[in-house]
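Written out below as structure tokens is the structure these notes cover.
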Amino acid sequence: MGMTGRKIVAQAGLDVEEVIQLLNQAFSDEWLAYYQYWAGAQVASGLMAPSLRPELEEHANEELDHAKKLAKRIIELGGTPVLSPEEWYKQSTCGYLVPKNHDAANVLKQNLQGERCAIEVYNKLLKKVLNKDMITSHLIRQILQEEIEHEQELEDLGNDFQLVLPSMACGCKKK
């Protein structure tokens, strides 16, 4: 545990335990997002599945990287990352959408929903720590930027799907 780092966060007026809790919620979300992307890449079917799979696998790896970075920050603040998958479900804000319909458009839509939730989570977390905890702020900004990029990439794929086969409307454009 970084005693000085923890002290700086506390002196900035933040409840260190609350920051750890929020980071653990995001950490739980990232593990579930990793699995959602990975599972979707495995089961996606249909005409557009070959285009979708590599994107989902790339995003899965990036979500895992987010989880690693969040775990590191949690430990730096004297906390312990959520170690039980059962606890991920309990602490997750965004949850996990089981890909019951394996059609590529449906898998895409579910992952897009997850990205939009993640963007909201990180935006709220950033507002909480901004100008108070510079290390966590920097980390959350980086992750938020990547989540926004993921949303755009998925929206672009959805638009491509609709160009190829208009009946594959995935509802990818934000309303």
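Following the order of the structure tokens, chains are lettered A, B, ..., residues in each are numbered from 1, and ligands are numbered from 1.
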Within 12 Å of Glu87 of chain A, counting only C-alpha atoms, which residues show up once you throw out same-chain ones fewer than 4 positions away? Write them as a PDB file with all heavy atoms, in the first residue's frame, please.
```pdb
ATOM      1  N   ASN A  24     -13.422  -0.757  -7.485  1.00  0.00           N
ATOM      2  CA  ASN A  24     -13.760  -2.180  -7.500  1.00  0.00           C
ATOM      3  C   ASN A  24     -15.022  -2.452  -8.306  1.00  0.00           C
ATOM      4  O   ASN A  24     -15.133  -3.492  -8.965  1.00  0.00           O
ATOM      5  CB  ASN A  24     -13.907  -2.727  -6.071  1.00  0.00           C
ATOM      6  CG  ASN A  24     -12.691  -3.511  -5.645  1.00  0.00           C
ATOM      7  OD1 ASN A  24     -12.135  -4.279  -6.427  1.00  0.00           O
ATOM      8  ND2 ASN A  24     -12.273  -3.329  -4.410  1.00  0.00           N
ATOM      9  N   GLN A  25     -15.969  -1.532  -8.298  1.00  0.00           N
ATOM     10  CA  GLN A  25     -17.155  -1.689  -9.145  1.00  0.00           C
ATOM     11  C   GLN A  25     -16.744  -1.653 -10.609  1.00  0.00           C
ATOM     12  O   GLN A  25     -17.192  -2.488 -11.407  1.00  0.00           O
ATOM     13  CB  GLN A  25     -18.177  -0.592  -8.846  1.00  0.00           C
ATOM     14  CG  GLN A  25     -18.874  -0.763  -7.525  1.00  0.00           C
ATOM     15  CD  GLN A  25     -19.751   0.421  -7.159  1.00  0.00           C
ATOM     16  OE1 GLN A  25     -19.597   1.535  -7.665  1.00  0.00           O
ATOM     17  NE2 GLN A  25     -20.689   0.180  -6.254  1.00  0.00           N
ATOM     18  N   PHE A  27     -13.767  -2.306 -11.768  1.00  0.00           N
ATOM     19  CA  PHE A  27     -12.969  -3.519 -11.959  1.00  0.00           C
ATOM     20  C   PHE A  27     -13.886  -4.707 -12.254  1.00  0.00           C
ATOM     21  O   PHE A  27     -13.641  -5.487 -13.188  1.00  0.00           O
ATOM     22  CB  PHE A  27     -12.136  -3.765 -10.697  1.00  0.00           C
ATOM     23  CG  PHE A  27     -11.360  -5.049 -10.685  1.00  0.00           C
ATOM     24  CD1 PHE A  27     -10.154  -5.163 -11.351  1.00  0.00           C
ATOM     25  CD2 PHE A  27     -11.820  -6.142  -9.965  1.00  0.00           C
ATOM     26  CE1 PHE A  27      -9.424  -6.345 -11.325  1.00  0.00           C
ATOM     27  CE2 PHE A  27     -11.102  -7.325  -9.921  1.00  0.00           C
ATOM     28  CZ  PHE A  27      -9.904  -7.430 -10.611  1.00  0.00           C
ATOM     29  N   SER A  28     -14.957  -4.833 -11.498  1.00  0.00           N
ATOM     30  CA  SER A  28     -15.928  -5.917 -11.717  1.00  0.00           C
ATOM     31  C   SER A  28     -16.572  -5.792 -13.091  1.00  0.00           C
ATOM     32  O   SER A  28     -16.743  -6.786 -13.807  1.00  0.00           O
ATOM     33  CB  SER A  28     -16.991  -5.893 -10.614  1.00  0.00           C
ATOM     34  OG  SER A  28     -16.407  -6.142  -9.353  1.00  0.00           O
ATOM     35  N   ASP A  29     -16.930  -4.565 -13.458  1.00  0.00           N
ATOM     36  CA  ASP A  29     -17.503  -4.327 -14.791  1.00  0.00           C
ATOM     37  C   ASP A  29     -16.535  -4.763 -15.884  1.00  0.00           C
ATOM     38  O   ASP A  29     -16.946  -5.353 -16.892  1.00  0.00           O
ATOM     39  CB  ASP A  29     -17.816  -2.835 -14.995  1.00  0.00           C
ATOM     40  CG  ASP A  29     -19.080  -2.383 -14.303  1.00  0.00           C
ATOM     41  OD1 ASP A  29     -19.962  -3.216 -14.026  1.00  0.00           O
ATOM     42  OD2 ASP A  29     -19.188  -1.158 -14.054  1.00  0.00           O
ATOM     43  N   TRP A  31     -14.133  -7.054 -15.804  1.00  0.00           N
ATOM     44  CA  TRP A  31     -14.035  -8.510 -15.928  1.00  0.00           C
ATOM     45  C   TRP A  31     -15.239  -9.071 -16.663  1.00  0.00           C
ATOM     46  O   TRP A  31     -15.106  -9.952 -17.522  1.00  0.00           O
ATOM     47  CB  TRP A  31     -13.886  -9.172 -14.553  1.00  0.00           C
ATOM     48  CG  TRP A  31     -12.455  -9.337 -14.180  1.00  0.00           C
ATOM     49  CD1 TRP A  31     -11.774  -8.647 -13.227  1.00  0.00           C
ATOM     50  CD2 TRP A  31     -11.512 -10.226 -14.775  1.00  0.00           C
ATOM     51  NE1 TRP A  31     -10.463  -9.059 -13.200  1.00  0.00           N
ATOM     52  CE2 TRP A  31     -10.270 -10.027 -14.136  1.00  0.00           C
ATOM     53  CE3 TRP A  31     -11.581 -11.172 -15.790  1.00  0.00           C
ATOM     54  CZ2 TRP A  31      -9.121 -10.754 -14.465  1.00  0.00           C
ATOM     55  CZ3 TRP A  31     -10.435 -11.889 -16.122  1.00  0.00           C
ATOM     56  CH2 TRP A  31      -9.230 -11.669 -15.472  1.00  0.00           C
ATOM     57  N   LEU A  32     -16.411  -8.547 -16.343  1.00  0.00           N
ATOM     58  CA  LEU A  32     -17.613  -9.037 -17.030  1.00  0.00           C
ATOM     59  C   LEU A  32     -17.621  -8.590 -18.487  1.00  0.00           C
ATOM     60  O   LEU A  32     -18.048  -9.347 -19.372  1.00  0.00           O
ATOM     61  CB  LEU A  32     -18.870  -8.571 -16.292  1.00  0.00           C
ATOM     62  CG  LEU A  32     -19.041  -9.166 -14.893  1.00  0.00           C
ATOM     63  CD1 LEU A  32     -20.264  -8.558 -14.207  1.00  0.00           C
ATOM     64  CD2 LEU A  32     -19.158 -10.688 -14.943  1.00  0.00           C
ATOM     65  N   PRO A  81      -8.480  -5.840  -4.890  1.00  0.00           N
ATOM     66  CA  PRO A  81      -9.430  -6.008  -5.993  1.00  0.00           C
ATOM     67  C   PRO A  81     -10.402  -7.151  -5.683  1.00  0.00           C
ATOM     68  O   PRO A  81     -10.050  -8.087  -4.966  1.00  0.00           O
ATOM     69  CB  PRO A  81      -8.552  -6.368  -7.195  1.00  0.00           C
ATOM     70  CG  PRO A  81      -7.166  -6.029  -6.791  1.00  0.00           C
ATOM     71  CD  PRO A  81      -7.101  -6.085  -5.303  1.00  0.00           C
ATOM     72  N   VAL A  82     -11.592  -7.055  -6.213  1.00  0.00           N
ATOM     73  CA  VAL A  82     -12.587  -8.115  -6.042  1.00  0.00           C
ATOM     74  C   VAL A  82     -11.992  -9.404  -6.604  1.00  0.00           C
ATOM     75  O   VAL A  82     -11.620  -9.451  -7.770  1.00  0.00           O
ATOM     76  CB  VAL A  82     -13.907  -7.763  -6.762  1.00  0.00           C
ATOM     77  CG1 VAL A  82     -14.914  -8.886  -6.620  1.00  0.00           C
ATOM     78  CG2 VAL A  82     -14.480  -6.454  -6.229  1.00  0.00           C
ATOM     79  N   LEU A  83     -11.920 -10.427  -5.779  1.00  0.00           N
ATOM     80  CA  LEU A  83     -11.232 -11.656  -6.166  1.00  0.00           C
ATOM     81  C   LEU A  83     -12.166 -12.792  -6.556  1.00  0.00           C
ATOM     82  O   LEU A  83     -11.717 -13.810  -7.077  1.00  0.00           O
ATOM     83  CB  LEU A  83     -10.325 -12.118  -5.012  1.00  0.00           C
ATOM     84  CG  LEU A  83      -9.238 -11.113  -4.618  1.00  0.00           C
ATOM     85  CD1 LEU A  83      -8.473 -11.602  -3.397  1.00  0.00           C
ATOM     86  CD2 LEU A  83      -8.307 -10.836  -5.775  1.00  0.00           C
ATOM     87  N   GLN A  91     -21.050  -6.545  -7.488  1.00  0.00           N
ATOM     88  CA  GLN A  91     -20.499  -5.190  -7.473  1.00  0.00           C
ATOM     89  C   GLN A  91     -20.591  -4.473  -8.814  1.00  0.00           C
ATOM     90  O   GLN A  91     -20.410  -3.265  -8.886  1.00  0.00           O
ATOM     91  CB  GLN A  91     -19.049  -5.232  -6.993  1.00  0.00           C
ATOM     92  CG  GLN A  91     -18.959  -5.666  -5.545  1.00  0.00           C
ATOM     93  CD  GLN A  91     -17.712  -5.170  -4.868  1.00  0.00           C
ATOM     94  OE1 GLN A  91     -17.165  -4.136  -5.215  1.00  0.00           O
ATOM     95  NE2 GLN A  91     -17.272  -5.916  -3.879  1.00  0.00           N
ATOM     96  N   SER A  92     -20.885  -5.199  -9.854  1.00  0.00           N
ATOM     97  CA  SER A  92     -20.938  -4.617 -11.191  1.00  0.00           C
ATOM     98  C   SER A  92     -22.064  -3.598 -11.330  1.00  0.00           C
ATOM     99  O   SER A  92     -23.160  -3.796 -10.817  1.00  0.00           O
ATOM    100  CB  SER A  92     -21.139  -5.735 -12.223  1.00  0.00           C
ATOM    101  OG  SER A  92     -21.377  -5.181 -13.494  1.00  0.00           O
ATOM    102  N   THR A  93     -21.770  -2.541 -12.028  1.00  0.00           N
ATOM    103  CA  THR A  93     -22.782  -1.546 -12.365  1.00  0.00           C
ATOM    104  C   THR A  93     -23.454  -1.913 -13.690  1.00  0.00           C
ATOM    105  O   THR A  93     -24.662  -1.769 -13.841  1.00  0.00           O
ATOM    106  CB  THR A  93     -22.143  -0.146 -12.491  1.00  0.00           C
ATOM    107  OG1 THR A  93     -21.474   0.153 -11.269  1.00  0.00           O
ATOM    108  CG2 THR A  93     -23.189   0.914 -12.768  1.00  0.00           C
ATOM    109  N   GLY A  95     -23.260  -5.008 -15.345  1.00  0.00           N
ATOM    110  CA  GLY A  95     -23.736  -6.386 -15.447  1.00  0.00           C
ATOM    111  C   GLY A  95     -23.154  -7.132 -16.632  1.00  0.00           C
ATOM    112  O   GLY A  95     -22.135  -6.739 -17.203  1.00  0.00           O
TER     113      GLY A  95
END
```
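Counting only C-alpha atoms, segment 43-46 of chain A has the following residues at most 7 Å away, ignoring those fewer than 2 positions along the same chain: Ala39, Gly40, Ala41, Met48, Ala49, His102, Asp103, Ala104 and Val107 of chain A.
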Residues within 10 Å of segment 114-130 of chain A, only C-alpha atoms, excluding chain neighbours under 6 positions, as a VMD selection string: chain A and resid 9 12 to 14 19 22 to 23 25 to 26 29 to 30 32 to 33 36 to 37 93 to 97 108 136 to 152 154 174
Based on the backbone DSSP call, show me all residues of segment 36-114 of chain A assigned helix (DSSP H, G or I), as an mmCIF file with N, CA, C and O atoms, in the first residue's frame.
```cif
data_model
loop_
_atom_site.group_PDB
_atom_site.id
_atom_site.type_symbol
_atom_site.label_atom_id
_atom_site.label_comp_id
_atom_site.auth_asym_id
_atom_site.auth_seq_id
_atom_site.Cartn_x
_atom_site.Cartn_y
_atom_site.Cartn_z
ATOM 1 N N GLN A 36 -17.834 -10.925 -21.680
ATOM 2 C CA GLN A 36 -18.902 -10.710 -22.658
ATOM 3 C C GLN A 36 -18.327 -10.597 -24.067
ATOM 4 O O GLN A 36 -18.842 -11.201 -25.007
ATOM 5 N N TYR A 37 -17.254 -9.835 -24.213
ATOM 6 C CA TYR A 37 -16.620 -9.721 -25.529
ATOM 7 C C TYR A 37 -16.050 -11.061 -25.980
ATOM 8 O O TYR A 37 -16.226 -11.460 -27.126
ATOM 9 N N TRP A 38 -15.343 -11.725 -25.075
ATOM 10 C CA TRP A 38 -14.724 -13.002 -25.426
ATOM 11 C C TRP A 38 -15.786 -14.024 -25.820
ATOM 12 O O TRP A 38 -15.663 -14.687 -26.860
ATOM 13 N N ALA A 39 -16.830 -14.151 -25.020
ATOM 14 C CA ALA A 39 -17.899 -15.111 -25.308
ATOM 15 C C ALA A 39 -18.595 -14.763 -26.619
ATOM 16 O O ALA A 39 -18.869 -15.638 -27.443
ATOM 17 N N GLY A 40 -18.858 -13.484 -26.829
ATOM 18 C CA GLY A 40 -19.506 -13.061 -28.070
ATOM 19 C C GLY A 40 -18.673 -13.410 -29.288
ATOM 20 O O GLY A 40 -19.197 -13.838 -30.321
ATOM 21 N N ALA A 41 -17.361 -13.250 -29.179
ATOM 22 C CA ALA A 41 -16.472 -13.590 -30.295
ATOM 23 C C ALA A 41 -16.524 -15.083 -30.598
ATOM 24 O O ALA A 41 -16.387 -15.496 -31.755
ATOM 25 N N GLN A 42 -16.729 -15.885 -29.576
ATOM 26 C CA GLN A 42 -16.763 -17.339 -29.767
ATOM 27 C C GLN A 42 -18.054 -17.800 -30.435
ATOM 28 O O GLN A 42 -18.033 -18.710 -31.261
ATOM 29 N N VAL A 43 -19.169 -17.190 -30.067
ATOM 30 C CA VAL A 43 -20.467 -17.711 -30.513
ATOM 31 C C VAL A 43 -21.121 -16.916 -31.630
ATOM 32 O O VAL A 43 -22.125 -17.367 -32.191
ATOM 33 N N ALA A 49 -20.539 -12.240 -38.879
ATOM 34 C CA ALA A 49 -19.728 -12.724 -37.757
ATOM 35 C C ALA A 49 -18.224 -12.669 -38.033
ATOM 36 O O ALA A 49 -17.457 -12.254 -37.148
ATOM 37 N N PRO A 50 -17.756 -13.048 -39.230
ATOM 38 C CA PRO A 50 -16.309 -12.970 -39.471
ATOM 39 C C PRO A 50 -15.749 -11.545 -39.354
ATOM 40 O O PRO A 50 -14.583 -11.366 -38.995
ATOM 41 N N SER A 51 -16.572 -10.540 -39.608
ATOM 42 C CA SER A 51 -16.128 -9.145 -39.452
ATOM 43 C C SER A 51 -16.154 -8.710 -37.991
ATOM 44 O O SER A 51 -15.378 -7.858 -37.574
ATOM 45 N N LEU A 52 -17.060 -9.292 -37.235
ATOM 46 C CA LEU A 52 -17.247 -8.892 -35.845
ATOM 47 C C LEU A 52 -16.240 -9.542 -34.895
ATOM 48 O O LEU A 52 -15.745 -8.894 -33.964
ATOM 49 N N ARG A 53 -15.936 -10.791 -35.122
ATOM 50 C CA ARG A 53 -15.093 -11.553 -34.178
ATOM 51 C C ARG A 53 -13.766 -10.876 -33.838
ATOM 52 O O ARG A 53 -13.424 -10.757 -32.653
ATOM 53 N N PRO A 54 -12.975 -10.436 -34.819
ATOM 54 C CA PRO A 54 -11.684 -9.810 -34.464
ATOM 55 C C PRO A 54 -11.852 -8.549 -33.621
ATOM 56 O O PRO A 54 -11.053 -8.295 -32.719
ATOM 57 N N GLU A 55 -12.888 -7.780 -33.892
ATOM 58 C CA GLU A 55 -13.143 -6.564 -33.110
ATOM 59 C C GLU A 55 -13.488 -6.922 -31.666
ATOM 60 O O GLU A 55 -12.989 -6.298 -30.722
ATOM 61 N N LEU A 56 -14.319 -7.939 -31.490
ATOM 62 C CA LEU A 56 -14.692 -8.363 -30.139
ATOM 63 C C LEU A 56 -13.481 -8.894 -29.382
ATOM 64 O O LEU A 56 -13.313 -8.611 -28.183
ATOM 65 N N GLU A 57 -12.633 -9.649 -30.049
ATOM 66 C CA GLU A 57 -11.437 -10.184 -29.394
ATOM 67 C C GLU A 57 -10.484 -9.059 -28.985
ATOM 68 O O GLU A 57 -9.906 -9.080 -27.895
ATOM 69 N N GLU A 58 -10.331 -8.069 -29.844
ATOM 70 C CA GLU A 58 -9.488 -6.919 -29.520
ATOM 71 C C GLU A 58 -10.047 -6.168 -28.314
ATOM 72 O O GLU A 58 -9.318 -5.811 -27.389
ATOM 73 N N HIS A 59 -11.356 -5.948 -28.320
ATOM 74 C CA HIS A 59 -11.981 -5.243 -27.203
ATOM 75 C C HIS A 59 -11.863 -6.054 -25.916
ATOM 76 O O HIS A 59 -11.643 -5.481 -24.836
ATOM 77 N N ALA A 60 -12.001 -7.367 -26.007
ATOM 78 C CA ALA A 60 -11.862 -8.216 -24.821
ATOM 79 C C ALA A 60 -10.485 -8.005 -24.190
ATOM 80 O O ALA A 60 -10.371 -7.811 -22.970
ATOM 81 N N ASN A 61 -9.452 -8.003 -25.008
ATOM 82 C CA ASN A 61 -8.094 -7.810 -24.498
ATOM 83 C C ASN A 61 -7.918 -6.434 -23.856
ATOM 84 O O ASN A 61 -7.240 -6.294 -22.839
ATOM 85 N N GLU A 62 -8.555 -5.432 -24.436
ATOM 86 C CA GLU A 62 -8.455 -4.087 -23.879
ATOM 87 C C GLU A 62 -9.222 -3.979 -22.553
ATOM 88 O O GLU A 62 -8.779 -3.283 -21.633
ATOM 89 N N GLU A 63 -10.353 -4.671 -22.437
ATOM 90 C CA GLU A 63 -11.100 -4.673 -21.172
ATOM 91 C C GLU A 63 -10.284 -5.368 -20.088
ATOM 92 O O GLU A 63 -10.255 -4.924 -18.938
ATOM 93 N N LEU A 64 -9.594 -6.440 -20.441
ATOM 94 C CA LEU A 64 -8.730 -7.128 -19.485
ATOM 95 C C LEU A 64 -7.598 -6.204 -19.035
ATOM 96 O O LEU A 64 -7.244 -6.152 -17.851
ATOM 97 N N ASP A 65 -7.054 -5.442 -19.957
ATOM 98 C CA ASP A 65 -6.015 -4.475 -19.617
ATOM 99 C C ASP A 65 -6.553 -3.414 -18.651
ATOM 100 O O ASP A 65 -5.874 -3.015 -17.702
ATOM 101 N N HIS A 66 -7.795 -2.972 -18.875
ATOM 102 C CA HIS A 66 -8.413 -2.014 -17.952
ATOM 103 C C HIS A 66 -8.507 -2.612 -16.553
ATOM 104 O O HIS A 66 -8.206 -1.941 -15.557
ATOM 105 N N ALA A 67 -8.922 -3.873 -16.480
ATOM 106 C CA ALA A 67 -9.041 -4.544 -15.175
ATOM 107 C C ALA A 67 -7.684 -4.583 -14.474
ATOM 108 O O ALA A 67 -7.589 -4.343 -13.261
ATOM 109 N N LYS A 68 -6.625 -4.870 -15.212
ATOM 110 C CA LYS A 68 -5.284 -4.916 -14.623
ATOM 111 C C LYS A 68 -4.884 -3.550 -14.057
ATOM 112 O O LYS A 68 -4.331 -3.450 -12.951
ATOM 113 N N LYS A 69 -5.154 -2.501 -14.815
ATOM 114 C CA LYS A 69 -4.801 -1.145 -14.366
ATOM 115 C C LYS A 69 -5.621 -0.734 -13.144
ATOM 116 O O LYS A 69 -5.089 -0.100 -12.217
ATOM 117 N N LEU A 70 -6.892 -1.088 -13.143
ATOM 118 C CA LEU A 70 -7.732 -0.768 -11.991
ATOM 119 C C LEU A 70 -7.265 -1.531 -10.754
ATOM 120 O O LEU A 70 -7.221 -0.975 -9.654
ATOM 121 N N ALA A 71 -6.907 -2.794 -10.933
ATOM 122 C CA ALA A 71 -6.413 -3.592 -9.809
ATOM 123 C C ALA A 71 -5.156 -2.949 -9.212
ATOM 124 O O ALA A 71 -5.019 -2.844 -7.988
ATOM 125 N N LYS A 72 -4.275 -2.512 -10.075
ATOM 126 C CA LYS A 72 -3.043 -1.864 -9.610
ATOM 127 C C LYS A 72 -3.363 -0.628 -8.777
ATOM 128 O O LYS A 72 -2.798 -0.432 -7.696
ATOM 129 N N ARG A 73 -4.303 0.184 -9.246
ATOM 130 C CA ARG A 73 -4.657 1.408 -8.507
ATOM 131 C C ARG A 73 -5.342 1.074 -7.186
ATOM 132 O O ARG A 73 -5.090 1.728 -6.167
ATOM 133 N N ILE A 74 -6.199 0.077 -7.183
ATOM 134 C CA ILE A 74 -6.866 -0.343 -5.948
ATOM 135 C C ILE A 74 -5.818 -0.744 -4.913
ATOM 136 O O ILE A 74 -5.893 -0.339 -3.748
ATOM 137 N N ILE A 75 -4.844 -1.509 -5.334
ATOM 138 C CA ILE A 75 -3.781 -1.963 -4.433
ATOM 139 C C ILE A 75 -2.942 -0.770 -3.952
ATOM 140 O O ILE A 75 -2.586 -0.680 -2.772
ATOM 141 N N GLU A 76 -2.657 0.170 -4.850
ATOM 142 C CA GLU A 76 -1.893 1.363 -4.463
ATOM 143 C C GLU A 76 -2.598 2.152 -3.365
ATOM 144 O O GLU A 76 -1.955 2.789 -2.536
ATOM 145 N N PRO A 85 -15.421 -14.191 -8.788
ATOM 146 C CA PRO A 85 -16.339 -13.894 -9.893
ATOM 147 C C PRO A 85 -17.782 -13.672 -9.426
ATOM 148 O O PRO A 85 -18.501 -12.860 -10.013
ATOM 149 N N GLU A 86 -18.191 -14.371 -8.372
ATOM 150 C CA GLU A 86 -19.544 -14.148 -7.853
ATOM 151 C C GLU A 86 -19.704 -12.703 -7.381
ATOM 152 O O GLU A 86 -20.752 -12.097 -7.537
ATOM 153 N N GLU A 87 -18.635 -12.175 -6.797
ATOM 154 C CA GLU A 87 -18.665 -10.790 -6.319
ATOM 155 C C GLU A 87 -18.681 -9.801 -7.482
ATOM 156 O O GLU A 87 -19.179 -8.692 -7.342
ATOM 157 N N TRP A 88 -18.095 -10.182 -8.630
ATOM 158 C CA TRP A 88 -18.145 -9.281 -9.789
ATOM 159 C C TRP A 88 -19.591 -8.952 -10.124
ATOM 160 O O TRP A 88 -19.927 -7.799 -10.407
ATOM 161 N N TYR A 89 -20.440 -9.961 -10.110
ATOM 162 C CA TYR A 89 -21.858 -9.746 -10.415
ATOM 163 C C TYR A 89 -22.510 -8.824 -9.391
ATOM 164 O O TYR A 89 -23.298 -7.964 -9.746
ATOM 165 N N LYS A 90 -22.170 -9.007 -8.142
ATOM 166 C CA LYS A 90 -22.769 -8.200 -7.080
ATOM 167 C C LYS A 90 -22.309 -6.752 -7.135
ATOM 168 O O LYS A 90 -23.088 -5.840 -6.864
ATOM 169 N N GLN A 91 -21.050 -6.545 -7.488
ATOM 170 C CA GLN A 91 -20.499 -5.190 -7.473
ATOM 171 C C GLN A 91 -20.591 -4.473 -8.814
ATOM 172 O O GLN A 91 -20.410 -3.265 -8.886
ATOM 173 N N ALA A 104 -24.795 -12.079 -35.201
ATOM 174 C CA ALA A 104 -23.775 -11.044 -35.055
ATOM 175 C C ALA A 104 -24.374 -9.686 -34.704
ATOM 176 O O ALA A 104 -23.834 -8.972 -33.853
ATOM 177 N N ALA A 105 -25.486 -9.324 -35.314
ATOM 178 C CA ALA A 105 -26.102 -8.027 -35.021
ATOM 179 C C ALA A 105 -26.549 -7.950 -33.564
ATOM 180 O O ALA A 105 -26.405 -6.911 -32.913
ATOM 181 N N ASN A 106 -27.069 -9.034 -33.026
ATOM 182 C CA ASN A 106 -27.501 -9.048 -31.637
ATOM 183 C C ASN A 106 -26.306 -8.983 -30.688
ATOM 184 O O ASN A 106 -26.326 -8.250 -29.702
ATOM 185 N N VAL A 107 -25.266 -9.747 -30.990
ATOM 186 C CA VAL A 107 -24.056 -9.730 -30.163
ATOM 187 C C VAL A 107 -23.466 -8.317 -30.163
ATOM 188 O O VAL A 107 -23.072 -7.795 -29.116
ATOM 189 N N LEU A 108 -23.437 -7.699 -31.317
ATOM 190 C CA LEU A 108 -22.934 -6.329 -31.439
ATOM 191 C C LEU A 108 -23.766 -5.379 -30.584
ATOM 192 O O LEU A 108 -23.223 -4.557 -29.835
ATOM 193 N N LYS A 109 -25.064 -5.500 -30.684
ATOM 194 C CA LYS A 109 -25.973 -4.626 -29.933
ATOM 195 C C LYS A 109 -25.744 -4.766 -28.429
ATOM 196 O O LYS A 109 -25.696 -3.772 -27.702
ATOM 197 N N GLN A 110 -25.577 -5.990 -27.941
ATOM 198 C CA GLN A 110 -25.338 -6.207 -26.517
ATOM 199 C C GLN A 110 -24.025 -5.578 -26.060
ATOM 200 O O GLN A 110 -23.967 -4.956 -24.994
ATOM 201 N N ASN A 111 -22.993 -5.722 -26.859
ATOM 202 C CA ASN A 111 -21.706 -5.156 -26.483
ATOM 203 C C ASN A 111 -21.727 -3.630 -26.548
ATOM 204 O O ASN A 111 -21.099 -2.967 -25.729
ATOM 205 N N LEU A 112 -22.471 -3.103 -27.484
ATOM 206 C CA LEU A 112 -22.624 -1.657 -27.572
ATOM 207 C C LEU A 112 -23.338 -1.123 -26.329
ATOM 208 O O LEU A 112 -22.955 -0.094 -25.767
ATOM 209 N N GLN A 113 -24.328 -1.841 -25.868
ATOM 210 C CA GLN A 113 -25.036 -1.457 -24.645
ATOM 211 C C GLN A 113 -24.061 -1.439 -23.454
ATOM 212 O O GLN A 113 -24.089 -0.524 -22.632
ATOM 213 N N GLY A 114 -23.197 -2.432 -23.387
ATOM 214 C CA GLY A 114 -22.207 -2.484 -22.327
ATOM 215 C C GLY A 114 -21.228 -1.315 -22.382
ATOM 216 O O GLY A 114 -20.870 -0.743 -21.350
#
```
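Distances to Phe161 of chain A were evaluated for A:Lys100, A:Leu47, A:Met134, A:Glu18 using only C-alpha atoms, and the minimum falls at A:Leu47.
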Pairwise distance for atom CA of Ile135 of chain A and atom CA of Gln11 of chain A, rounded to one decimal in Å: 13.9 Å
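Across the model, the gap from atom CA of Ser84 of chain A to atom CA of Lys7 of chain A is 28.1 Å.
Among the candidate residues A:Tyr35, A:Lys132, A:Gln21, A:Leu77, the one lying nearest to Pro99 of chain A is A:Tyr35, with distances computed using only C-alpha atoms.
With atom CA of Met3 of chain A on one side and atom CA of Asn131 of chain A on the other, the separation reads 19.8 Å.
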